[in-house]
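Engineer: One structure coming up, written as structure tokens, with questions to follow.
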Amino acid sequence: MHLRQWHFVETTSSGQPVLRENEKDIYVEHQVGCYQGKSKILGRQKGRIYLTSQRIIYIDDEKPLMNSISLELDDVLQADYSSKFLRKSARLSIFLRDSKTDDLDNNSVGTKISEGKSTWICPICGHQNETPGHLTKENMHSFPCASCGIVPDFEMIADVISFHNVTSSSESDKTAQIECPACTFLNRPSLRNCEICGTRLPSKHSGTSSDISIDQRVKISLETKDGLVKGEPIYIQLSFRLSDGILLSQTISELIEDRRRVKSQNVYNKGVQPREKNLLEIKSELGRAGIASLEKSQEDRLISNDIMLGNALSDLDSLMALASDIEKLYDTTGRSQFKKNIPLLTIDREKFLTKDLFINEISRELHSFILSEFQEQKEAEGVILISLVDTYALYNKAMRIGSGLVSPQELWEACKKLEELGLSDLQLTTINERVLCISSGDSFGFLKRKIWDIVTTSPGADLLELSRQLNKDNANSWTPGIIMEALNNCVKGGQLLIDEQITGVHYYANFDWRI
């Protein structure tokens, strides 16, 4: 059985992790194997580790969609590094929190019972009073009526005194929503991270129902017994086959220390002055009685209202200062717009030990970018065809500003790696023996057939007319450069005839003089 700290990771079609809102990638380690305790995890011995601001993510090289898993940084206690020795590779042991124990601790605090209250009605003025604890004959003199200030005889109110306990928490209902400690959004109890900002949510499960937190999508098979004993520390291991893993170990340790320092801080409530809970309540222990007591209570009420108004204005100023941040948390443009704003990985050269690893990651990102950018064309026509020159301009402008542009040579090498990395739905092709393109399937043949259909139904069409008809469903799916290459190929092959006039070049279907 796998540990409850393992979680399933959603990945893109190119094998990169899908980040949460406000989650940022920090470091990437290649050629890593995973262990649970002392045992190898089958099917997860060759992959990449993505360290982010919230998780440690393992992406399997062979089956990224099925075998990718992650650990929450909040579940990590410490990381111990052991260097390479003889045939044993360098390893990083990551010790985890026992979530079952944590849940028991949290619940024991959450269900603590506070003092009870006694409720009684003054026989003089009829005011209903509340006093802390049990009201007895011995302590009755300490609790005069809050309205008239007179202490009645205990025998007069003995029959109307009622005592009730008040619990400090009403969270016993398992269906209660969980409030995010950062943005205060109310989340479903089945979520472990905030649906809006991605912050780790406090656990609400009891010890008897801790199995609810196990991610059923994770399927782990061990080579041997993991050697984990109940009551002893729980740990997993990362084995480094390419590098020594020191940078990853140091970065994880620094992240753990940083998260411990800021764990209890609320992001969106900084600078807000706390308000006294009983600011508007009239004190029950009055030094005076009668009219003097009523006047004194009225003065206290006015002072408390002034303080309350001042605090409310201060909170309003703080809220207005953070309005731009809160607006980003709520997306009102629909699900499609939300998908476009998913955080992207930042692929910097400094994160990779060799140029080859950098090119591999560029190839994965390029694959996801092209499929996302031309998704409508792919769904409508089933093919994609874009020149390498256009790809270079689009990719650098959309993805590389701020993280360093890639050179034409690097882009060419990344395109050649597509098939090697298993991203075979896109490939680098050459049309007319001179133009490099990225295509899917027989896209060039598909374009030539569409041109033949247009020229057959609209004889004498020029390049502008062909571009308009080809792109009438999906704007700018077929660029003029690609269309011109397809026309030249059709003319050279004898499928089309050209008529050069002063108004331009017009194309006709060749039915009679085939070459």
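Labeling convention for the structure tokens: chains A, B, ... as they appear, residues from 1 per chain, ligands from 1 in order of appearance.
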Extract, using only C-alpha atoms, all DNA, RNA and protein residues at most 12 Å from A:Lys378, discarding same-chain residues fewer than 4 positions from it, and format them as a list in words.
Structural biologist: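 Selected residues are Ile370, Leu371, Ser372, Glu373, Phe374, Gly382, Val383, Ile384, Leu385, Asp425, Leu426, Ser439, Ser440, Gly441, Ser443, Asn474, Ser477 and Trp478 of chain A.
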Engineer: Now that the selection is made, can you save its residues with C-alpha atoms as a CSV table (one decimal), in the first residue's frame?
Structural biologist:
```
chain,number,residue,atom,x,y,z
A,370,ILE,CA,2.0,24.5,-30.8
A,371,LEU,CA,-0.9,22.2,-29.8
A,372,SER,CA,-2.4,24.9,-27.7
A,373,GLU,CA,-1.9,27.7,-30.2
A,374,PHE,CA,-3.4,25.7,-33.1
A,382,GLY,CA,-7.1,17.3,-38.0
A,383,VAL,CA,-3.7,18.6,-39.2
A,384,ILE,CA,-1.2,21.3,-38.4
A,385,LEU,CA,1.4,22.8,-40.8
A,425,ASP,CA,2.2,13.6,-33.2
A,426,LEU,CA,4.4,16.5,-34.4
A,439,SER,CA,3.6,19.2,-39.3
A,440,SER,CA,1.2,16.6,-38.0
A,441,GLY,CA,0.3,13.7,-40.3
A,443,SER,CA,-0.7,18.0,-43.6
A,474,ASN,CA,-10.0,29.3,-38.7
A,477,SER,CA,-4.4,28.9,-39.8
A,478,TRP,CA,-2.7,28.7,-43.2
```
Engineer: Just the residues within 7 Å of stretch 151-164 of chain A, please, counting only C-alpha atoms, with nothing from its chain fewer than 2 positions along; format it as a PyMOL selection string.
Structural biologist: chain A and resi 116-121+134+137+140-141+143-145+149+166
Engineer: List the neighbours of stretch 91-100 of chain A out to 6 Å using only C-alpha atoms; skip same-chain residues closer than 4 positions along the sequence, and give me the result as a ChimeraX atom specification.
Structural biologist: /A:75-82,207,210,234-239
Engineer: Would you mind exporting the chosen residues as a PDB file, in the first residue's frame, restricted to N, CA and C atoms?
Structural biologist:
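Dumped to selection.pdb:
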```pdb
ATOM      1  N   ASP A  75       4.004  18.548   3.751  1.00  0.00           N
ATOM      2  CA  ASP A  75       4.129  17.212   4.332  1.00  0.00           C
ATOM      3  C   ASP A  75       5.583  16.835   4.617  1.00  0.00           C
ATOM      4  N   VAL A  76       6.528  17.674   4.215  1.00  0.00           N
ATOM      5  CA  VAL A  76       7.950  17.348   4.351  1.00  0.00           C
ATOM      6  C   VAL A  76       8.486  17.919   5.654  1.00  0.00           C
ATOM      7  N   LEU A  77       9.107  17.052   6.464  1.00  0.00           N
ATOM      8  CA  LEU A  77       9.738  17.486   7.702  1.00  0.00           C
ATOM      9  C   LEU A  77      11.164  17.952   7.476  1.00  0.00           C
ATOM     10  N   GLN A  78      11.970  17.111   6.815  1.00  0.00           N
ATOM     11  CA  GLN A  78      13.362  17.449   6.551  1.00  0.00           C
ATOM     12  C   GLN A  78      13.879  16.583   5.420  1.00  0.00           C
ATOM     13  N   ALA A  79      15.024  16.981   4.875  1.00  0.00           N
ATOM     14  CA  ALA A  79      15.662  16.246   3.784  1.00  0.00           C
ATOM     15  C   ALA A  79      17.115  15.983   4.150  1.00  0.00           C
ATOM     16  N   ASP A  80      17.519  14.710   4.101  1.00  0.00           N
ATOM     17  CA  ASP A  80      18.897  14.299   4.411  1.00  0.00           C
ATOM     18  C   ASP A  80      19.570  13.771   3.149  1.00  0.00           C
ATOM     19  N   TYR A  81      20.751  14.289   2.851  1.00  0.00           N
ATOM     20  CA  TYR A  81      21.475  13.923   1.629  1.00  0.00           C
ATOM     21  C   TYR A  81      22.597  12.945   1.945  1.00  0.00           C
ATOM     22  N   SER A  82      22.726  11.915   1.118  1.00  0.00           N
ATOM     23  CA  SER A  82      23.852  10.970   1.233  1.00  0.00           C
ATOM     24  C   SER A  82      24.546  10.884  -0.111  1.00  0.00           C
ATOM     25  N   GLY A 207      -8.961  11.076  12.984  1.00  0.00           N
ATOM     26  CA  GLY A 207      -8.034   9.967  12.843  1.00  0.00           C
ATOM     27  C   GLY A 207      -8.676   8.727  12.270  1.00  0.00           C
ATOM     28  N   SER A 210      -8.926   9.058   8.232  1.00  0.00           N
ATOM     29  CA  SER A 210      -7.767   9.591   7.537  1.00  0.00           C
ATOM     30  C   SER A 210      -7.558   8.956   6.185  1.00  0.00           C
ATOM     31  N   ILE A 234       8.504   8.195   8.693  1.00  0.00           N
ATOM     32  CA  ILE A 234       8.138   7.810   7.329  1.00  0.00           C
ATOM     33  C   ILE A 234       9.019   8.595   6.363  1.00  0.00           C
ATOM     34  N   TYR A 235       9.566   7.920   5.376  1.00  0.00           N
ATOM     35  CA  TYR A 235      10.448   8.620   4.435  1.00  0.00           C
ATOM     36  C   TYR A 235      10.367   7.984   3.054  1.00  0.00           C
ATOM     37  N   ILE A 236      10.732   8.787   2.066  1.00  0.00           N
ATOM     38  CA  ILE A 236      10.919   8.307   0.698  1.00  0.00           C
ATOM     39  C   ILE A 236      12.329   8.715   0.266  1.00  0.00           C
ATOM     40  N   GLN A 237      12.820   8.111  -0.810  1.00  0.00           N
ATOM     41  CA  GLN A 237      14.165   8.422  -1.287  1.00  0.00           C
ATOM     42  C   GLN A 237      14.139   8.756  -2.772  1.00  0.00           C
ATOM     43  N   LEU A 238      15.019   9.684  -3.171  1.00  0.00           N
ATOM     44  CA  LEU A 238      15.247  10.020  -4.570  1.00  0.00           C
ATOM     45  C   LEU A 238      16.668   9.634  -4.925  1.00  0.00           C
ATOM     46  N   SER A 239      16.822   8.808  -5.957  1.00  0.00           N
ATOM     47  CA  SER A 239      18.138   8.336  -6.381  1.00  0.00           C
ATOM     48  C   SER A 239      18.546   9.073  -7.648  1.00  0.00           C
TER      49      SER A 239
END
```
Engineer: For a test of reading the model, state the distance in Å between atom CA of A:Gly245 and atom CA of A:Arg259, rounded to one decimal.
Structural biologist: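 For atom CA of A:Gly245 relative to atom CA of A:Arg259, the distance reads 21.5 Å.
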Engineer: Enter the distance from atom CA of A:Gln5 to atom CA of A:Val18, in Å, rounded to one decimal.
Structural biologist: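 For atom CA of A:Gln5 relative to atom CA of A:Val18, the distance reads 18.8 Å.
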Engineer: Skipping near chain neighbours, those fewer than 4 positions away, what residues fall within 9 Å of A:Thr429 using only C-alpha atoms, listed as a ChimeraX atom specification?
Structural biologist: /A:435-439
Engineer: What would the file look like if the residues just selected were written as a PDB file, in the first residue's frame with C-alpha atoms?
Structural biologist:
```pdb
ATOM      1  CA  VAL A 435      11.417  24.861 -46.420  1.00  0.00           C
ATOM      2  CA  LEU A 436      11.524  23.419 -42.880  1.00  0.00           C
ATOM      3  CA  CYS A 437       8.122  22.996 -41.247  1.00  0.00           C
ATOM      4  CA  ILE A 438       6.492  21.428 -38.193  1.00  0.00           C
ATOM      5  CA  SER A 439       3.588  19.247 -39.253  1.00  0.00           C
TER       6      SER A 439
END
```
Engineer: Which residues are close to A:Arg349, i.e. within 12 Å by only C-alpha atoms, leaving aside same-chain residues fewer than 4 positions away? Reply as a tab-separated table (two decimals) with C-alpha atoms, in the first residue's frame.
Structural biologist:
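What landed in out_7.tsv:
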```tsv
chain	number	residue	atom	x	y	z
A	27	TYR	CA	14.48	23.70	-10.14
A	28	VAL	CA	14.50	20.66	-12.44
A	353	LEU	CA	23.26	20.94	-16.04
A	354	THR	CA	23.83	20.39	-19.76
A	355	LYS	CA	22.61	21.95	-23.00
A	356	ASP	CA	21.05	18.64	-24.05
A	357	LEU	CA	18.72	18.65	-21.01
A	358	PHE	CA	17.76	22.24	-21.78
A	359	ILE	CA	16.94	21.35	-25.40
A	360	ASN	CA	14.79	18.42	-24.21
A	361	GLU	CA	12.71	20.72	-22.00
A	362	ILE	CA	12.41	23.30	-24.80
A	400	ARG	CA	10.62	33.30	-24.00
A	403	SER	CA	13.49	34.07	-19.60
A	404	GLY	CA	15.91	34.38	-22.54
A	405	LEU	CA	15.22	33.89	-26.25
A	406	VAL	CA	16.25	30.65	-27.95
A	410	GLU	CA	18.44	25.61	-30.56
```
Engineer: May I have all residues of stretch 7-229 of chain A that DSSP, computed from the backbone, assigns to strand (DSSP E or B), given as a ChimeraX atom specification?
Structural biologist: /A:7-8,11,17,25-36,39-41,47-52,55-60,69-72,76-82,85,88,90-96,113,117-121,128-132,162-164,167,178-179,186-187,193,200,222
Engineer: Please measure the separation of atom CA of A:His7 and atom CA of A:Lys417, giving the value in Å to one decimal.
Structural biologist: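 These atoms are spaced 29.8 Å apart.
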Engineer: Would you please work out which residue, of A:Leu421, A:Glu138, A:Pro132, A:Ser297, is nearest to A:Asp60 when using only C-alpha atoms?
Structural biologist: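 Closest to A:Asp60 of all the choices is A:Leu421.
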Engineer: Using only C-alpha atoms, determine which residues lie at most 8 Å from stretch 10-12 of chain A, disregarding the query and same-chain residues fewer than 2 positions distant; provide the list as a list in words.
Structural biologist: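 Once the adjacent positions are removed, what remains is Phe8, Ser14, Gly15, Gln16, Pro17, Val18, Pro64, Leu65, Ser68 and Ser368 of chain A.
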Engineer: Which residues are close to A:Lys416, i.e. within 9 Å by only C-alpha atoms, leaving aside same-chain residues fewer than 6 positions away? Reply as a PyMOL selection string.
Structural biologist: chain A and resi 363+427-428
Engineer: Keeping only N, CA and C atoms, write the selected residues to a file as a PDB file, in the first residue's frame.
Structural biologist:
```pdb
ATOM      1  N   SER A 363      11.921  21.325 -26.138  1.00  0.00           N
ATOM      2  CA  SER A 363      11.127  20.522 -27.064  1.00  0.00           C
ATOM      3  C   SER A 363       9.757  20.196 -26.480  1.00  0.00           C
ATOM      4  N   GLN A 427       6.144  16.478 -36.069  1.00  0.00           N
ATOM      5  CA  GLN A 427       7.462  16.133 -36.572  1.00  0.00           C
ATOM      6  C   GLN A 427       8.005  17.254 -37.441  1.00  0.00           C
ATOM      7  N   LEU A 428       9.335  17.274 -37.562  1.00  0.00           N
ATOM      8  CA  LEU A 428      10.019  18.253 -38.400  1.00  0.00           C
ATOM      9  C   LEU A 428      10.108  17.696 -39.817  1.00  0.00           C
TER      10      LEU A 428
END
```
Engineer: Tell me which of A:Ser243, A:Gln377, A:Ser70, A:Thr430 sits closest to A:Phe352, counting only C-alpha atoms.
Structural biologist: A:Ser243
Engineer: Using only C-alpha atoms, pick whichever of A:His127, A:His30, A:Arg55, A:Lys40 has the shortest atom-to-atom distance to A:Gly198.
Structural biologist: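 The shortest atom-to-atom distance to A:Gly198 comes from A:Arg55.
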